[in-house]
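coords.cif follows; it contains mmCIF, C-alpha atoms.
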```
data_model
#
loop_
_atom_site.label_atom_id
_atom_site.label_comp_id
_atom_site.auth_asym_id
_atom_site.auth_seq_id
_atom_site.Cartn_x
_atom_site.Cartn_y
_atom_site.Cartn_z
CA MET A 1099 166.60 188.62 243.93
CA ASN A 1100 170.34 189.11 244.19
CA ILE A 1101 171.93 185.67 243.81
CA LEU A 1102 175.51 184.45 244.27
CA ILE A 1103 176.56 181.32 242.39
CA VAL A 1104 179.68 179.61 243.74
CA ASP A 1105 180.92 176.89 241.39
CA ASP A 1106 184.39 176.06 240.11
CA ASN A 1107 182.83 174.87 236.82
CA GLU A 1108 182.73 178.21 235.03
CA ILE A 1109 180.57 176.91 232.17
CA SER A 1110 177.94 175.54 234.55
CA ALA A 1111 177.99 178.78 236.56
CA ALA A 1112 177.63 180.88 233.40
CA LEU A 1113 174.69 178.84 232.11
CA THR A 1114 172.91 179.03 235.45
CA ARG A 1115 173.61 182.78 235.62
CA GLU A 1116 172.10 183.32 232.16
CA LEU A 1117 168.94 181.38 233.01
CA LEU A 1118 168.50 183.22 236.31
CA GLU A 1119 169.11 186.60 234.66
CA MET A 1120 166.44 185.77 232.05
CA ASP A 1121 164.10 185.32 235.02
CA GLY A 1122 164.98 188.85 236.18
CA HIS A 1123 167.43 188.04 238.96
CA THR A 1124 170.74 189.82 239.49
CA VAL A 1125 173.51 187.23 239.57
CA THR A 1126 177.19 187.22 240.51
CA CYS A 1127 179.48 184.22 240.01
CA ALA A 1128 182.46 183.20 242.13
CA TYR A 1129 184.65 180.21 241.27
CA SER A 1130 186.22 179.51 244.67
CA GLY A 1131 185.42 179.87 248.35
CA LYS A 1132 187.73 182.85 248.73
CA GLY A 1133 186.18 184.47 245.66
CA ALA A 1134 182.77 184.01 247.25
CA LEU A 1135 183.94 185.65 250.49
CA ARG A 1136 185.22 188.63 248.49
CA ALA A 1137 181.86 188.88 246.70
CA VAL A 1138 179.75 188.83 249.89
CA ASN A 1139 181.96 191.48 251.45
CA ALA A 1140 181.33 193.71 248.42
CA GLU A 1141 177.53 193.35 248.11
CA ALA A 1142 174.46 191.88 249.78
CA PHE A 1143 172.90 188.68 248.44
CA ASP A 1144 169.51 187.12 249.10
CA VAL A 1145 170.56 183.62 248.03
CA ALA A 1146 173.81 181.71 247.52
CA LEU A 1147 173.97 178.57 245.38
CA LEU A 1148 176.99 176.68 246.70
CA ASP A 1149 178.74 173.84 244.93
CA ILE A 1150 180.07 171.59 247.69
CA GLY A 1151 183.30 170.60 245.90
CA ILE A 1152 184.94 173.98 245.29
CA PRO A 1153 188.64 174.86 245.66
CA ASP A 1154 190.26 176.38 248.76
CA LEU A 1155 187.13 176.11 250.99
CA SER A 1156 184.50 173.43 250.62
CA GLY A 1157 180.94 174.56 250.09
CA THR A 1158 180.25 173.38 253.63
CA GLU A 1159 183.10 175.46 255.10
CA LEU A 1160 181.88 178.44 253.10
CA ALA A 1161 178.34 177.87 254.38
CA VAL A 1162 179.61 178.03 257.98
CA HIS A 1163 181.14 181.47 257.29
CA LEU A 1164 178.08 182.74 255.42
CA ARG A 1165 175.58 181.46 257.98
CA GLU A 1166 177.48 183.22 260.79
CA ALA A 1167 177.96 186.51 258.91
CA PHE A 1168 174.68 186.65 256.95
CA PRO A 1169 172.02 184.65 258.81
CA ARG A 1170 169.17 185.85 256.54
CA MET A 1171 170.88 184.74 253.32
CA ALA A 1172 169.31 181.57 251.91
CA LEU A 1173 171.98 178.92 251.30
CA ILE A 1174 171.37 176.18 248.76
CA ALA A 1175 173.92 173.37 248.44
CA ILE A 1176 174.33 171.89 244.99
CA THR A 1177 176.31 168.68 244.93
CA GLY A 1178 177.35 165.74 242.85
CA PHE A 1179 178.13 163.83 246.06
CA PRO A 1180 175.50 161.53 247.55
CA LEU A 1181 173.03 163.68 249.46
CA SER A 1182 173.70 161.68 252.62
CA ASP A 1183 177.34 162.86 252.50
CA VAL A 1184 176.44 166.56 252.73
CA GLN A 1185 176.96 168.05 256.19
CA ARG A 1186 173.69 169.82 256.91
CA SER A 1187 174.46 171.48 260.26
CA TYR A 1188 177.41 172.83 262.20
CA GLY A 1189 177.35 173.19 265.97
CA GLY A 1190 173.61 172.59 265.91
CA VAL A 1191 173.02 175.42 263.41
CA PRO A 1192 171.46 174.41 260.06
CA LEU A 1193 173.86 175.25 257.23
CA PHE A 1194 171.67 174.87 254.16
CA ASP A 1195 168.08 175.79 253.50
CA GLU A 1196 168.01 173.15 250.78
CA VAL A 1197 170.35 170.55 249.27
CA LEU A 1198 169.99 169.77 245.56
CA GLN A 1199 171.60 166.95 243.60
CA LYS A 1200 173.43 167.80 240.36
CA SER A 1201 172.18 168.06 237.64
CA VAL A 1202 169.56 170.44 238.94
CA GLU A 1203 166.41 170.85 236.87
CA PHE A 1204 165.94 174.56 236.31
CA ALA A 1205 162.19 174.39 236.94
CA ALA A 1206 162.86 172.93 240.41
CA LEU A 1207 165.36 175.72 241.12
CA GLU A 1208 162.84 178.34 239.97
CA THR A 1209 160.21 176.91 242.31
CA LEU A 1210 162.65 176.91 245.21
CA LEU A 1211 163.70 180.51 244.51
CA THR A 1212 160.05 181.58 244.42
CA GLN A 1213 159.53 180.00 247.84
CA ILE A 1214 162.62 181.76 249.19
CA ALA A 1215 161.49 185.11 247.75
CA GLN A 1216 158.13 184.71 249.47
CA ARG A 1217 159.85 183.85 252.75
CA LEU A 1218 162.04 186.96 252.41
CA GLY A 1219 159.01 189.10 251.60
CA LYS A 1220 160.07 189.85 248.02
CA GLN A 1221 157.44 190.09 245.30
CA LEU A 1222 158.29 188.32 242.04
CA GLY A 1223 156.78 189.18 238.69
CA GLY A 1224 155.12 186.52 236.55
CA ASP A 1225 158.41 185.89 234.77
CA GLY A 1226 160.32 185.45 238.04
CA SER A 1227 161.54 189.06 238.07
CA ILE A 1228 161.28 191.27 241.13
#
```
Please go through the file and, once you have read it, give me the structure as structure tokens.
Amino acid sequence: MNILIVDDNEISAALTRELLEMDGHTVTCAYSGKGALRAVNAEAFDVALLDIGIPDLSGTELAVHLREAFPRMALIAITGFPLSDVQRSYGGVPLFDEVLQKSVEFAALETLLTQIAQRLGKQLGGDGSI
């Protein structure tokens, strides 16, 4: 799948990108909300992994924009905040398909991405590749 990672921690984003690319996904990283908006205007993504505490737009504010503009894109919040603090809907519209607590176990993320790929009708190879 084509995945966007939005995280102001560049090392964390790079490590996640490398693991996802080893699974056969195409991955783009953005380090701010505005950077993410530029990325989604340049190419189509199946999934966005959104850190909630990013500069210039929160992950929640970014999710509102993405949900309105790209309703089929799967949005996964990744947060160090307590899960109960994450705004999960806006105006009655669900913002996130899933909310994960940092530090995310990669196996759990792989399982979630497989479920999303199936929901989107994408066939994954045995190694996670499309």
* Asked: Could you work out how far CA of Lys1200 in chain A lies from CA of Ala1172 in chain A, giving the answer in Å with one decimal?
  ->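 Computed distance, CA of Ala1172 in chain A to CA of Lys1200 in chain A, equals 18.4 Å.
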* To do: Using the chain letters and numbering of this document, enumerate as a list in words the residues selected by the PyMOL selection byres ((chain A and resi 1105-1113) around 8).
  =>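 With the PyMOL selection byres ((chain A and resi 1105-1113) around 8) on this model, the match is Ile1103, Val1104, Thr1114, Arg1115, Glu1116, Leu1117, Cys1127, Ala1128, Tyr1129, Ser1130, Leu1148, Asp1149, Ile1152 and Pro1153 of chain A.
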* Within 9 Å of range 1159-1163 of chain A using all atoms listed in the file, minus same-chain residues under 3 positions, as a VMD selection string -> chain A and resid 1131 to 1132 1134 to 1135 1148 1150 1155 to 1156 1166 to 1168 1173 1175 1187 to 1188 1191 1193 to 1194
* Asked: CA of Val1184 in chain A to CA of Thr1209 in chain A: how many Å, to one decimal?
  ->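 We find that CA of Val1184 in chain A and CA of Thr1209 in chain A lie 21.9 Å from each other.
Between Gly1178 in chain A and the candidates A:Leu1164, A:Leu1218, A:Ala1140, A:Val1197, the tightest atom-to-atom separation, counting all atoms listed in the file, involves A:Val1197.
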* Asked: What is the distance, in Å and to one decimal place, between CA of Thr1124 in chain A and CA of Val1138 in chain A?
  -> 13.8 Å
* Counting only C-alpha atoms, what is within 10 Å of Ile1101 in chain A, bar same-chain residues fewer than 3 positions away, as an NGL selection string? -> :A and (1104 or 1115 or 1118-1119 or 1123-1127 or 1142-1147 or 1171-1172 or 1211)
* To do: For each of A:Leu1198, A:Ile1174, A:Met1120, A:Leu1102, take the minimum atom-to-atom distance to Ile1214 in chain A, counting only C-alpha atoms, then give the residue where this is smallest.
  => A:Ile1174
Could you rebuild range 1211-1222 of chain A with N, CA and C atoms and give me the result as a CSV table (one decimal), in the frame of the given file?
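Saved the output as rebuild.csv:
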```csv
chain,number,residue,atom,x,y,z
A,1211,LEU,N,163.4,179.1,244.4
A,1211,LEU,CA,163.7,180.5,244.5
A,1211,LEU,C,162.4,181.3,244.8
A,1212,THR,N,161.3,180.9,244.2
A,1212,THR,CA,160.0,181.6,244.4
A,1212,THR,C,159.7,181.4,245.9
A,1213,GLN,N,159.8,180.2,246.4
A,1213,GLN,CA,159.5,180.0,247.8
A,1213,GLN,C,160.4,180.9,248.7
A,1214,ILE,N,161.7,180.9,248.4
A,1214,ILE,CA,162.6,181.8,249.2
A,1214,ILE,C,162.2,183.2,249.1
A,1215,ALA,N,161.9,183.7,247.9
A,1215,ALA,CA,161.5,185.1,247.8
A,1215,ALA,C,160.3,185.4,248.6
A,1216,GLN,N,159.3,184.5,248.6
A,1216,GLN,CA,158.1,184.7,249.5
A,1216,GLN,C,158.5,184.8,250.9
A,1217,ARG,N,159.4,183.9,251.4
A,1217,ARG,CA,159.8,183.8,252.8
A,1217,ARG,C,160.6,185.1,253.1
A,1218,LEU,N,161.3,185.7,252.2
A,1218,LEU,CA,162.0,187.0,252.4
A,1218,LEU,C,161.2,188.2,252.2
A,1219,GLY,N,159.9,188.0,251.8
A,1219,GLY,CA,159.0,189.1,251.6
A,1219,GLY,C,159.2,189.9,250.3
A,1220,LYS,N,159.8,189.2,249.3
A,1220,LYS,CA,160.1,189.8,248.0
A,1220,LYS,C,159.0,189.4,247.1
A,1221,GLN,N,158.5,190.4,246.3
A,1221,GLN,CA,157.4,190.1,245.3
A,1221,GLN,C,158.1,189.8,244.0
A,1222,LEU,N,157.8,188.7,243.4
A,1222,LEU,CA,158.3,188.3,242.0
A,1222,LEU,C,157.2,188.6,241.0
```
